[in-house]
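A short worksheet on the structure shown next.
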Amino acid sequence: MSLSDTFETVEEKLHGVLVRHSITALRLTVGAVFLGFGLLKFFPGVSPAEGLSIKTTELLTFGVVPWRVAIVAIATLECFIGVCLLVNRWMRVAVWLLAVEFIGILAPLVLLPGRLFSGPHGAPTLEGQYVLKDIILVAAGMAIAAGTFRGGHLVRDEPGETPQQDPPSQPTARPADGRDGAAGLDARDKVQIVMSAAGDERSVQEVCEEHEISQSTYYEWRDATMRGAMRALDKHANGAGDRTPHEGRDG
C-alpha cells in the first residue's frame with residue numbers, strides 16, 4: 001500500500017469518527033460553556049458579562065424587570081440549557097430556549113453598539129469581543145439543532161458508494177450505496193429493516209451493521225417508507241370520505 005493510500009485510509013477512518021461523535025462533542029462542550037457561564041451569574045461581581053447583561057435586559061424589558069431578578073433568570077436559563085445539553089435530555093425544550101437565549105446574547109450588537117465598539121478607531125472593547133465570540137455559539141447551536149432536533153442525524157456515504165448517473169431519459173433504480181447487504185432486498189424487506197430501528201430497542205447503527213448497509217441508505221429507506229405511508233393514508237382517507245352511508249355498513 002502506497003503512502004497516499006495509507007493516508008486516505010487513515011483520513012476515512014478519522015472522518016467516520018467525526019461523523020459519529022462530532023455532534024456529541026459539540027453538544028457537550030456547548031453545554032459545559034452554558035452551565036459554567038450560568039453559574040457565574042449567580043454570584044454578584046464574578047461574571048465578566050454581568051454589567052452588559054443587566055443593561056441589555058433593562059433595555060429589552062423597558063426597565064420593568066428589576067436587574068437582580070433579570071440576572072437570576074438569565075443564570076437559571078443558561079444553567080438549564082447547559083444541563084439539557086450535557087445529559088442529552090429535554091432537547092426539544094433546550095433548542096427552543098437556545099433560540100430565545102441567542103436573541104439576548106446578540107441583542108447588544110443592536111442596542112449597545114457604542115458600548116461594544118468604543119475602542120481605538122472603533123475597535124471592539126472587551127465586552128464587544130465577548131459578544132462577538134458568541135456568534136460561534138449561535139452557529140454551534142444551529143449545528144446541534146440540526147443534528148439532534150426532530151430526528152436529525154449526521155451521516156456519511158462510504159468511499160466509492162456514489163453511483164454513476166444514468167441519462168435522464170433512462171431512469172433506473174438507484175443502487176443501495178453499493179453494499180452487498182442491500183442486494184436482492186425487496187420493498188417488504190426494506191420496510192422491515194426500517195421498522196426494526198423505529199423503536200428504542202435497537203439503534204440505527206446496530207441495524208445497519210447487521211444488514212451491511214450504510215446509515216445513509218437506512219435514512220433513504222426510512223424517508224421513502226414515510227412518504228409511501230402518508231400517500232397510502234391519504235388515499236385511504238379520501239376513499240373513506242367518498243363512500244355512501246350504506247357502503248360503510250356490514251351486510
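Within each chain, counting starts at residue 1; across the C-alpha cells, chains are named A, B, ... in the order shown, with ligands numbered 1 upward in that order.
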Counting only C-alpha atoms, what is within 8 Å of A:Ala75, bar same-chain residues fewer than 4 positions away, as a PDB file with C-alpha atoms, in the first residue's frame?
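Result file is selection.pdb:
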ATOM      1  CA  PHE A  37     -21.275  30.933  32.469  1.00  0.00           C
ATOM      2  CA  GLY A  38     -24.719  30.498  34.009  1.00  0.00           C
ATOM      3  CA  LEU A  39     -23.275  29.531  37.393  1.00  0.00           C
ATOM      4  CA  LEU A  40     -21.007  32.592  37.400  1.00  0.00           C
ATOM      5  CA  LYS A  41     -24.027  34.884  37.077  1.00  0.00           C
ATOM      6  CA  PHE A  42     -25.423  33.666  40.402  1.00  0.00           C
ATOM      7  CA  ILE A  71     -29.724  38.300  36.224  1.00  0.00           C
ATOM      8  CA  CYS A  79     -27.793  26.564  33.570  1.00  0.00           C
TER       9      CYS A  79
END
I'd like the neighbourhood of A:Val87 as a PyMOL selection string, where a residue qualifies if any of its atoms comes within 9 Å (using only C-alpha atoms), though same-chain residues fewer than 4 positions away should be ignored.
chain A and resi 28+31+82-83
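Coordinates place atom CA of A:Ala139 at a distance of 26.7 Å from atom CA of A:Val204.
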Pick out the residues sitting within 12 Å of stretch 46-56 of chain A, and hand them over as number ranges by chain; count only C-alpha atoms, and ignore anything fewer than 5 positions along from it in its own chain.
A: 36-41, 61-63, 65-75, 101, 103-113, 115-116, 125-131, 134
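Of note, atom CA of A:Ala25 and atom CA of A:Ser4 are spaced 29.2 Å apart.
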Can you pull out every residue within 8 Å of A:Val194, counting only C-alpha atoms, but drop anything in the same chain fewer than 5 positions away, and send it as an NGL selection string?
:A and (218 or 221-222 or 225)
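In terms of minimum interatomic distance to A:Cys84, A:Val30 ranks closest within A:Val100, A:Val30, A:Ala140, A:Leu14, counting only C-alpha atoms.
The spacing separating atom CA of A:Ala232 from atom CA of A:Arg188 amounts to 15.2 Å.
Residue nearest A:Trp96 within the list A:Gly141, A:Thr9, A:Ala224, A:Glu58: A:Gly141 [criterion: smallest interatomic distance, only C-alpha atoms].
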From the DSSP assignment of the backbone, select every residue of stretch 21-213 of chain A that is alpha helix (DSSP H), and format the answer as a PyMOL selection string.
chain A and resi 21-40+50-60+67-87+91-111+113-116+126-148+187-196+204-211
